[in-house]
Amino acid sequence: MRFGIVRFPGSCDEVDALRAAERVGDATLLWHTERDLKGADAIIVPGGFSYGDYLRCGAIARFAPVMEAVAEHAREGGLVLGICNGFQVLCEAGLLPGALLPNTGVRFLCRQVDVQVENASTPFTWRCERRDTLSIPVKHTTGRYYAPEEVLDDLEAHRRIVLRYAPGHNPNGSSRDVAGVCSEQGNVMGLMPHPEHAVDPLTGSDDGLRLLESMASAARVVGHH
Amino acid sequence: MKARVLIRPRAGILEPQGQAVERALPALGFSGVRGVRVGRLIELDVDDPATLPELCRRLLSNPLIEDYEIQTEDPAS
Amino acid sequence: MKARVLIRPRAGILEPQGQAVERALPALGFSGVRGVRVGRLIELDVDDPATLPELCRRLLSNPLIEDYEIQTEDPAS
Amino acid sequence: MGAEAPPGLAEAVELGLTEGEYALIVELLGREPVQVELACFSLLWSEHCSYKHSRALLSTLPTEGPALVMGPGENAGAVDVGDGMVVAFKVESHNHPSAVEPFQGAATGVGGILRDVFAVGARPIAILDSLRFGEPAQSERSRYLLDHAVGGIGHYGNSIGVPTVGGEVYFEAPYEQNCLINAMCLGLAPRERLIRSAAAGPDNVLILFGARTGRDGIGGASVLASAELSADDEHKRPSVQIGDPFEEKKLLECSLELLDRGLLVALQDLGAAGLTSSAAEMASKGEVGVDLHVDRVPLREPGLEPFEIMVSESQERMLCVATPDRVADVLAICAHHEVHGTPIGTVTDTGRMRIFEHGEMVGDMPVRALVDDCPRYALDPRKPEAPLYPPPARSLDRGAGAAQTLTALLASANLSSRRPLFEQYDALVQSRTVRRPEQADASVLLLSDPDGREPAPGPLGERPAIAVSIDGSGRRVAADPYTGTVAAVLECAANLACVGAEPLGLTNCLNFGNPEKPHVAWQLSESVRGLGDACRALSVPVVGGNVSLYNEGADGPIYPTPVVGMVGALPDARRAAPLAFQRRGDAIGVIAPLGASLGASELHKLRGEPLPDGLPAIDLPAAVARLTPIRDAVRAGELSSVHDIAEGGALVAIAECCLAGALGAEIELEDDDEARFGEGAVGFVLSGPEPALRALGARVIGTVGGEALRAGALSIPLAELAEAHGALAALFR
Ligand SMILES: Nc1ncnc2c1ncn2[C@@H]1O[C@H](COP(=O)(O)OP(=O)(O)O)[C@@H](O)[C@H]1O
Ligand SMILES: [Mg+2]
């Protein structure tokens with residue numbers, strides 16, 4: 001089981017994601033100009049400020065050559081997880097619905113928050129129970145999840161809102177407390193909290209590890225290669 | 001040709017930067033200002049302005065959350 | 001009255017946003033675009049447009065690094 | 001050289017040189033300097049580059065220690081932290097640019113200190129900031145500076161992926177017109193990757209890499225422009241530098257890869273005075289010369305004159321030296337990282353810095369004249385006869401009761417929770433952060449290697465870590481420059497002891513007023529004497545630092561503000577004590593601060609009391625002797641929590657322990673202000689089993705528990721304490 005972690009110029013959390021993924025499997029970095037996923041079974045598009053994020057978060061990164069391969073991987077049913085900037089990139093790329101807008105507080109916010117598992121039968125959460133509360137940090141300026149009301153209704157109806165901020169923990173004004181959503185097929189997920197920064201109680205929490213463990217075992221089952 | 005692209009948050013979408021500006025106004029002694037919305041201004045030199053709408057849709061704006069408006073120096077004027 | 005303020009980086013000041021956009025374009029298949037500069041667009045309702053220049057100087061723009069331009073709907077037109 | 005007439009004395013004076021200095025330059029050159037030469041001299045002979053008023057004092061600081069790997073003189077100092085790893089660190093000021101444009105000033109301050117750290121080959125792993133502003137309640141401008149400076153620091157650090165793990169901010173009227181923005185950076189490197197900045201090897205190639213050069217920060221030197229600018233052209237002389245963390249991120253990865261591949265002879269960042277300073281320093285350290293071709297420097301806009309290229313402070317640039325056979329490899333690595341790399345000159349054996357434009361020599365100066373021959377000025381220190389600073393404005397009545405006093409202190413700008421500020425910083429990226437802001441007195445970082453791999457734990461599961469703290473109370477230094485500075489160093493050491501860390505090295509930034517004034521000279525020399533004595537007492541070497549002088553407003557100098565950053569090591573991060581009370585029923589112990597008094601305390605500030613003339617002396621050996629037992633107890637895991645007693649005194653410290661742990665306390669404390677609110681050095685609040693506290697000589701004063709802080713007649717619900725402590729949020733709306 002192998003994770004491929006995308007690295008754009010300006011990525012910041014890719015090494016954290018790499019080391020976190022190594023706790024549950026094999027992992028390798030994928031440079032943005034590469035079209036070869038090096039045999040990765042699951043892809044992580046990590047946090048950071050890809051290409052400086054100067055125009056609009058994720059807007060430039062989604063055109064990177066590596067993203068073509070990631071989109072192909074997703075079409076074939078492979079797992080793709082976008083964290084923070086990676087979530088923004090996946091939305092920009094149309095692999096996930098909605099968009100991320102500036103936090104209602106306007107400023108960058110780094111905070112440990114509680115998120116609740118809404119759907120524990122996705123490949124990203126099946127090591128959790130529904131209603132489990134996970135302590136995972138957020139750190140972003142542009143994390144307010146937005147989608148038109150009818151899209152949100154549809155996401156709810158199809159249980160595609162995978163994670164929500166626990167009551168009182170919504171850090172950015174996200175619609176319906178959305179912290180993470182998945183694609184229609186359920187194999188692509190994006191979330192603003194950073195599970196790769198919640199893999200060790202000593203540095204705050206190891207609740208994020210359950211998402212990575214879920215992915216590792218799911219990828220082994222799906223084994224799309 | 002010089003062109004300008006104005007990108008603004010779509011109506012109905014909360015725009016906190018504009019709200020922050022409005023909150024700051026009274027302390028500075030300004031009144032009578034409302035409905036502040038902050039977007040982006042992109043200025044560029046383009047050989048063929050016909051390519052601009054596509055550039056706006058694909059890169060410069062995100063149609064789900066933003067509208068764009070292209071201003072070119074009208075060659076006729 | 002509705003007004004628009006265009007805020008743009010002053011000439012000579014480093015403008016990383018525009019550089020980033022410009023460098024991304026060829027990969028997207030856009031050629032013939034140069035001199036990209038990214039600024040801000042602020043739209044607002046103002047009772048007295050005469051207050052706008054001061055508002056721009058004191059709050060909306062940073063005169064050290066930005067220029068502003070005010071567009072109002074010309075009441076004469 | 002060019003046929004143009006040299007600019008002459010008048011321009012030299014306008015550039016800040018004295019008549020005597022100009023005459024010396026003429027003597028050293030054997031002729032009058034031409035335009036580009038005068039620009040170079042004026043910058044390298046400025047206080048900022050030459051340390052002409054402070055070097056003699058700095059030479060009194062101790063710079064030897066068992067862990068020392070690289071001392072002052074390099075871009076950052078470094079200490080050995082075991083396992084073949086070194087930590088490089090330095091603190092630097094960006095006060096004046098930040099006063100002009102706080103967001104970009106603070107952002108580029110962070111950018112600059114990051115470059116200093118990766119210039120020695122270390123991967124930046126942590127940032128801390130030390131900020132001073134005027135009184136926010138009275139000053140709209142101070143609120144603006146605070147908001148934007150914090151925004152700028154966050155913008156740069158967050159975007160480049162280096163966590164901001166700690167810092168400090170204080171508000172005092174003397175900073176109203178001259179805020180202080182100091183930033184500290186720590187970096188980690190395998191010992192063999194450390195590199196120095198000395199250029200060597202005639203015929204070796206100088207390669208400039210990173211951002212292109214524009215007219216950024218030319219500011220004062222623009223009087224040298226050959227063409228007069230009309231008002232419309234004013235914009236051609238921007239003095240505000242804009243930071244681009246994305247460019248710096250690429251520069252950082254590129255620099256470290258060049259070093260990992262062993263391609264470089266020397267590496268140096270471009271900071272103040274740009275290419276002039278970097279090239280001259282590299283040549284001086286290597287005792288060589290350099291030929292520079294300014295026409296090869298990639299420009300952001302056309303038409304820069306040679307002097308502008310030489311002094312431009314465009315950010316995100318580095319200069320390296322490589323042997324000719326490695327140049328192609330260096331440029332290939334640059335290209336991979338999408339960084340511009342350009343050979344712009346060569347190392348020579350002439351001992352001169354020669355500047356060429358299109359093959360024609362336009363400047364020719366002995367390196368030694370530029371770097372070493374600047375006159376040094378003796379200070380004329382004199383203790384002021386009358387108080388230098390007016391008393392602070394009163395905000396609390398002297399008759400206020402203990403409860404009101406405590407909540408007023410907790411809600412005061414200097415003591416309220418920094419959460420609304422530090423939540424704007426990414427404290428977590430790189431996954432080393434074991435103790436975040438407000439969790440412990442020092443920030444604690446796991447010692448994983450620069451690539452994020454943690455070494456295997458020790459035999460008992462130990463996880464080695466480093467700890468860092470930054471401190472400096474201007475008000476206390478203003479009351480007593482010597483003792484106040486000693487206290488700042490001791491506070492850092494106490495903070496490290498709280499998490500079980502032993503100090504390895506110290507960096508400092510000396511923020512003072514105009515040293516040509518005798519009373520500022522006195523503050524500076526007394527402060528440096530205190531710094532040296534405290535370091536010697538602790539056996540901690542000064543590994544480097546920075547000096548920022550001429551910090552004055554119309555009403556006089558700032559409070560003298562030596563900012564001290566200390567780095568230490570601990571064997572097991574799992575044992576790093578939190579400051580929060582942990583368990584109901586734990587005993588609470590107090591070790592009262594040494595030399596405690598109300599003079600220059602936060603309470604006296606609120607009451608509008610004038611600064612005293614001097615603080616009670618601190619018994620240094622006694623203070624140092626207190627640290628080891630605390631450190632050992634923490635390492636042994638004997639305590640539940642440890643917090644040092646600093647600003648606000650013992651009762652404020654206890655309230656902080658309650659708030660952090662969301663647990664009340666029932667204590668008995670003497671019913672007098674000095675015991676409750678007096679400030680001194682190396683005092684502690686501890687919690688844990690009573691015998692462990694007594695073994696440390698602590699006075700046991702009560703127990704953890706309940707929903708309120710109760711001390712005799714005083715009883716304040718936690719919620720009320722928390723509300724007061726949250727007052728800073730109002731400044732970030
Ligand atoms: N207060 C100080 N204490 C110890 N060393 C200092 C102090 N101030 C400056 N130095 C040392 O002097 C040298 C030059 O400092 P500086 O000009 O700030 O370097 P840079 O140009 O790399 O920023 C550095 O090695 C620095 O560590
Ligand atoms: Mg340097």
# chains A, B, ... in the order shown; residues from 1 in each chain; ligands from 1
$ calpha_fit_and_write --fixed "chain C" --moving "chain B" --output "short mmCIF file (atom, residue, chain, number, x, y, z; two decimals) with N, CA and C atoms, in the first residue's frame"
data_model
loop_
_atom_site.label_atom_id
_atom_site.label_comp_id
_atom_site.auth_asym_id
_atom_site.auth_seq_id
_atom_site.Cartn_x
_atom_site.Cartn_y
_atom_site.Cartn_z
N MET B 1 -25.15 56.50 -4.17
CA MET B 1 -24.54 56.33 -5.49
C MET B 1 -23.56 55.17 -5.46
N LYS B 2 -23.58 54.40 -6.54
CA LYS B 2 -22.64 53.28 -6.62
C LYS B 2 -21.28 53.78 -7.09
N ALA B 3 -20.25 53.27 -6.43
CA ALA B 3 -18.91 53.69 -6.83
C ALA B 3 -17.99 52.48 -6.79
N ARG B 4 -16.91 52.62 -7.55
CA ARG B 4 -15.90 51.58 -7.60
C ARG B 4 -14.57 52.21 -7.29
N VAL B 5 -13.80 51.53 -6.51
CA VAL B 5 -12.44 51.99 -6.26
C VAL B 5 -11.49 50.92 -6.79
N LEU B 6 -10.59 51.32 -7.65
CA LEU B 6 -9.59 50.38 -8.17
C LEU B 6 -8.28 50.67 -7.46
N ILE B 7 -7.72 49.65 -6.87
CA ILE B 7 -6.46 49.84 -6.14
C ILE B 7 -5.40 49.00 -6.79
N ARG B 8 -4.31 49.61 -7.17
CA ARG B 8 -3.29 48.84 -7.86
C ARG B 8 -1.93 49.10 -7.21
N PRO B 9 -1.06 48.07 -7.25
CA PRO B 9 0.29 48.26 -6.71
C PRO B 9 0.99 49.35 -7.49
N ARG B 10 1.74 50.16 -6.82
CA ARG B 10 2.42 51.26 -7.52
C ARG B 10 3.47 50.73 -8.47
N ALA B 11 3.66 51.45 -9.53
CA ALA B 11 4.64 51.05 -10.54
C ALA B 11 5.99 50.87 -9.88
N GLY B 12 6.72 49.90 -10.33
CA GLY B 12 8.06 49.68 -9.80
C GLY B 12 8.10 48.77 -8.60
N ILE B 13 6.94 48.48 -8.02
CA ILE B 13 6.94 47.57 -6.88
C ILE B 13 6.65 46.16 -7.39
N LEU B 14 7.49 45.24 -6.99
CA LEU B 14 7.33 43.84 -7.41
C LEU B 14 5.95 43.33 -6.97
N GLU B 15 5.25 42.67 -7.90
CA GLU B 15 3.90 42.18 -7.59
C GLU B 15 3.87 40.69 -7.91
N PRO B 16 4.14 39.86 -6.92
CA PRO B 16 4.35 38.43 -7.20
C PRO B 16 3.09 37.70 -7.66
N GLN B 17 1.92 38.16 -7.26
CA GLN B 17 0.70 37.45 -7.70
C GLN B 17 0.56 37.51 -9.21
N GLY B 18 0.84 38.68 -9.77
CA GLY B 18 0.77 38.82 -11.22
C GLY B 18 1.81 37.94 -11.90
N GLN B 19 2.98 37.86 -11.28
CA GLN B 19 4.03 37.00 -11.84
C GLN B 19 3.61 35.54 -11.81
N ALA B 20 2.93 35.16 -10.73
CA ALA B 20 2.46 33.77 -10.63
C ALA B 20 1.45 33.48 -11.74
N VAL B 21 0.58 34.45 -12.00
CA VAL B 21 -0.38 34.29 -13.09
C VAL B 21 0.39 34.10 -14.40
N GLU B 22 1.38 34.94 -14.63
CA GLU B 22 2.13 34.84 -15.89
C GLU B 22 2.82 33.48 -16.01
N ARG B 23 3.34 32.99 -14.91
CA ARG B 23 4.00 31.69 -14.96
C ARG B 23 3.03 30.57 -15.31
N ALA B 24 1.77 30.74 -14.88
CA ALA B 24 0.80 29.67 -15.10
C ALA B 24 0.27 29.66 -16.53
N LEU B 25 0.48 30.73 -17.26
CA LEU B 25 -0.16 30.87 -18.57
C LEU B 25 0.24 29.79 -19.59
N PRO B 26 1.54 29.57 -19.78
CA PRO B 26 1.92 28.64 -20.86
C PRO B 26 1.30 27.26 -20.69
N ALA B 27 1.27 26.76 -19.44
CA ALA B 27 0.73 25.43 -19.21
C ALA B 27 -0.73 25.34 -19.64
N LEU B 28 -1.42 26.46 -19.59
CA LEU B 28 -2.82 26.45 -19.98
C LEU B 28 -2.99 26.80 -21.47
N GLY B 29 -1.86 26.98 -22.14
CA GLY B 29 -1.94 27.24 -23.57
C GLY B 29 -2.18 28.69 -23.93
N PHE B 30 -1.94 29.61 -22.99
CA PHE B 30 -2.11 31.02 -23.32
C PHE B 30 -0.76 31.64 -23.64
N SER B 31 -0.73 32.43 -24.69
CA SER B 31 0.49 33.19 -24.95
C SER B 31 0.07 34.62 -25.25
N GLY B 32 1.04 35.48 -25.38
CA GLY B 32 0.72 36.87 -25.74
C GLY B 32 0.09 37.65 -24.60
N VAL B 33 0.38 37.25 -23.37
CA VAL B 33 -0.10 38.02 -22.22
C VAL B 33 1.11 38.41 -21.39
N ARG B 34 1.23 39.66 -21.05
CA ARG B 34 2.38 40.16 -20.30
C ARG B 34 1.94 41.19 -19.28
N GLY B 35 2.87 41.54 -18.42
CA GLY B 35 2.65 42.68 -17.53
C GLY B 35 1.43 42.53 -16.64
N VAL B 36 1.22 41.32 -16.11
CA VAL B 36 0.04 41.11 -15.27
C VAL B 36 0.29 41.69 -13.88
N ARG B 37 -0.62 42.51 -13.43
CA ARG B 37 -0.53 43.09 -12.09
C ARG B 37 -1.88 42.88 -11.40
N VAL B 38 -1.82 42.42 -10.17
CA VAL B 38 -3.06 42.14 -9.44
C VAL B 38 -3.25 43.17 -8.34
N GLY B 39 -4.41 43.77 -8.31
CA GLY B 39 -4.75 44.72 -7.26
C GLY B 39 -6.11 44.39 -6.68
N ARG B 40 -6.76 45.38 -6.12
CA ARG B 40 -8.06 45.14 -5.49
C ARG B 40 -9.13 46.01 -6.13
N LEU B 41 -10.33 45.47 -6.11
CA LEU B 41 -11.49 46.19 -6.61
C LEU B 41 -12.44 46.32 -5.44
N ILE B 42 -12.86 47.54 -5.14
CA ILE B 42 -13.81 47.71 -4.04
C ILE B 42 -15.04 48.41 -4.59
N GLU B 43 -16.19 47.77 -4.42
CA GLU B 43 -17.42 48.38 -4.89
C GLU B 43 -18.23 48.76 -3.67
N LEU B 44 -18.88 49.92 -3.75
CA LEU B 44 -19.66 50.35 -2.59
C LEU B 44 -20.75 51.32 -3.01
N ASP B 45 -21.69 51.49 -2.09
CA ASP B 45 -22.75 52.48 -2.23
C ASP B 45 -22.39 53.63 -1.32
N VAL B 46 -22.34 54.83 -1.84
CA VAL B 46 -21.93 55.94 -0.99
C VAL B 46 -22.92 57.09 -1.14
N ASP B 47 -23.28 57.70 -0.02
CA ASP B 47 -24.22 58.82 -0.09
C ASP B 47 -23.56 60.03 -0.74
N ASP B 48 -22.34 60.31 -0.27
CA ASP B 48 -21.67 61.52 -0.74
C ASP B 48 -20.31 61.16 -1.36
N PRO B 49 -20.24 61.10 -2.68
CA PRO B 49 -18.99 60.66 -3.31
C PRO B 49 -17.81 61.57 -3.01
N ALA B 50 -18.07 62.76 -2.53
CA ALA B 50 -16.96 63.65 -2.19
C ALA B 50 -16.13 63.10 -1.04
N THR B 51 -16.70 62.18 -0.27
CA THR B 51 -15.93 61.62 0.85
C THR B 51 -14.97 60.53 0.38
N LEU B 52 -15.12 60.09 -0.87
CA LEU B 52 -14.35 58.92 -1.30
C LEU B 52 -12.83 59.12 -1.30
N PRO B 53 -12.33 60.23 -1.81
CA PRO B 53 -10.86 60.35 -1.82
C PRO B 53 -10.25 60.17 -0.43
N GLU B 54 -10.88 60.74 0.56
CA GLU B 54 -10.33 60.59 1.90
C GLU B 54 -10.41 59.14 2.37
N LEU B 55 -11.55 58.51 2.08
CA LEU B 55 -11.71 57.10 2.44
C LEU B 55 -10.60 56.26 1.79
N CYS B 56 -10.32 56.57 0.53
CA CYS B 56 -9.28 55.83 -0.17
C CYS B 56 -7.92 56.04 0.47
N ARG B 57 -7.60 57.29 0.78
CA ARG B 57 -6.28 57.57 1.34
C ARG B 57 -6.11 56.99 2.73
N ARG B 58 -7.18 57.08 3.52
CA ARG B 58 -7.02 56.68 4.93
C ARG B 58 -7.17 55.19 5.15
N LEU B 59 -8.08 54.57 4.37
CA LEU B 59 -8.36 53.17 4.69
C LEU B 59 -8.14 52.23 3.51
N LEU B 60 -8.74 52.56 2.39
CA LEU B 60 -8.82 51.55 1.34
C LEU B 60 -7.47 51.29 0.66
N SER B 61 -6.61 52.31 0.62
CA SER B 61 -5.31 52.07 0.00
C SER B 61 -4.21 52.54 0.95
N ASN B 62 -3.02 52.05 0.70
CA ASN B 62 -1.83 52.54 1.42
C ASN B 62 -0.98 53.29 0.39
N PRO B 63 -0.96 54.63 0.47
CA PRO B 63 -0.33 55.43 -0.58
C PRO B 63 1.14 55.11 -0.81
N LEU B 64 1.79 54.54 0.18
CA LEU B 64 3.21 54.20 -0.01
C LEU B 64 3.37 53.12 -1.08
N ILE B 65 2.42 52.25 -1.16
CA ILE B 65 2.58 51.08 -2.04
C ILE B 65 1.49 50.96 -3.08
N GLU B 66 0.45 51.77 -2.98
CA GLU B 66 -0.70 51.57 -3.87
C GLU B 66 -1.20 52.91 -4.42
N ASP B 67 -1.75 52.84 -5.64
CA ASP B 67 -2.48 53.97 -6.22
C ASP B 67 -3.96 53.61 -6.22
N TYR B 68 -4.78 54.63 -6.21
CA TYR B 68 -6.21 54.32 -6.33
C TYR B 68 -6.84 55.14 -7.43
N GLU B 69 -7.96 54.65 -7.89
CA GLU B 69 -8.72 55.33 -8.92
C GLU B 69 -10.19 55.15 -8.57
N ILE B 70 -10.94 56.24 -8.61
CA ILE B 70 -12.35 56.16 -8.24
C ILE B 70 -13.18 56.22 -9.51
N GLN B 71 -14.12 55.30 -9.64
CA GLN B 71 -15.06 55.35 -10.77
C GLN B 71 -16.46 55.49 -10.20
N THR B 72 -17.14 56.55 -10.56
CA THR B 72 -18.55 56.65 -10.15
C THR B 72 -19.38 56.65 -11.43
N GLU B 73 -20.61 56.20 -11.27
CA GLU B 73 -21.51 56.30 -12.43
C GLU B 73 -21.74 57.78 -12.64
N ASP B 74 -21.27 58.24 -13.76
CA ASP B 74 -21.37 59.68 -14.02
C ASP B 74 -22.83 60.10 -14.05
N PRO B 75 -23.25 60.94 -13.10
CA PRO B 75 -24.68 61.28 -13.05
C PRO B 75 -25.12 62.04 -14.30
N ALA B 76 -24.18 62.65 -14.98
CA ALA B 76 -24.53 63.44 -16.16
C ALA B 76 -24.88 62.56 -17.35
N SER B 77 -24.35 61.37 -17.38
CA SER B 77 -24.52 60.55 -18.59
C SER B 77 -25.88 59.86 -18.62
#
$ closest_atom_pairs --of "chain D" --to "ligand 2" --cutoff "8 Å" --atoms "only C-alpha atoms and all ligand atoms" --output "JSON lines"
{"residue": "D:Glu74", "atom": "CA", "partner": "ligand 2", "partner_atom_place_in_ligand_line": "1 (Mg)", "distance": 7.4}
{"residue": "D:Asn75", "atom": "CA", "partner": "ligand 2", "partner_atom_place_in_ligand_line": "1 (Mg)", "distance": 4.3}
{"residue": "D:Ala76", "atom": "CA", "partner": "ligand 2", "partner_atom_place_in_ligand_line": "1 (Mg)", "distance": 7.5}
{"residue": "D:Gly112", "atom": "CA", "partner": "ligand 2", "partner_atom_place_in_ligand_line": "1 (Mg)", "distance": 7.7}
{"residue": "D:Ile113", "atom": "CA", "partner": "ligand 2", "partner_atom_place_in_ligand_line": "1 (Mg)", "distance": 7.7}
{"residue": "D:Arg115", "atom": "CA", "partner": "ligand 2", "partner_atom_place_in_ligand_line": "1 (Mg)", "distance": 7.0}
{"residue": "D:Asp116", "atom": "CA", "partner": "ligand 2", "partner_atom_place_in_ligand_line": "1 (Mg)", "distance": 4.6}
{"residue": "D:Ala119", "atom": "CA", "partner": "ligand 2", "partner_atom_place_in_ligand_line": "1 (Mg)", "distance": 7.2}
{"residue": "D:Gln268", "atom": "CA", "partner": "ligand 2", "partner_atom_place_in_ligand_line": "1 (Mg)", "distance": 6.4}
{"residue": "D:Asp269", "atom": "CA", "partner": "ligand 2", "partner_atom_place_in_ligand_line": "1 (Mg)", "distance": 5.2}
{"residue": "D:Leu270", "atom": "CA", "partner": "ligand 2", "partner_atom_place_in_ligand_line": "1 (Mg)", "distance": 6.6}
{"residue": "D:Gly271", "atom": "CA", "partner": "ligand 2", "partner_atom_place_in_ligand_line": "1 (Mg)", "distance": 6.0}
{"residue": "D:Ser278", "atom": "CA", "partner": "ligand 2", "partner_atom_place_in_ligand_line": "1 (Mg)", "distance": 7.7}
$ atom_distance --atom1 "atom CA of D:Ala173" --atom2 "atom CA of D:Phe133"
7.6 Å
$ residues_near_ligand --ligand "ligand 1" --cutoff "6 Å" --atoms "only C-alpha atoms and all ligand atoms" --output "JSON, numbers by chain"
{"D": [49, 58, 72, 73, 74, 75, 76, 116, 508, 509, 510, 542, 544, 545, 546, 547]}
$ atom_distance --atom1 "atom CA of A:Gly48" --atom2 "atom CA of D:Val117"
21.2 Å
$ closest_atom_pairs --of "chain A" --to "chain B" --cutoff "8 Å" --atoms "only C-alpha atoms" --output "tab-separated table"
residue	atom	partner	partner_atom	distance
A:Leu55	CA	B:Leu60	CA	7.2
A:Ala59	CA	B:Leu59	CA	6.5
A:Ile60	CA	B:Leu59	CA	7.3
A:Glu92	CA	B:Asn62	CA	7.7
A:Gly98	CA	B:Leu64	CA	7.5
A:Ala99	CA	B:Ile65	CA	7.4
A:Pro102	CA	B:Pro16	CA	7.3
A:Asn103	CA	B:Pro16	CA	7.5
A:Thr104	CA	B:Pro16	CA	5.3
A:Gly105	CA	B:Pro16	CA	7.1
A:Val106	CA	B:Pro16	CA	6.3
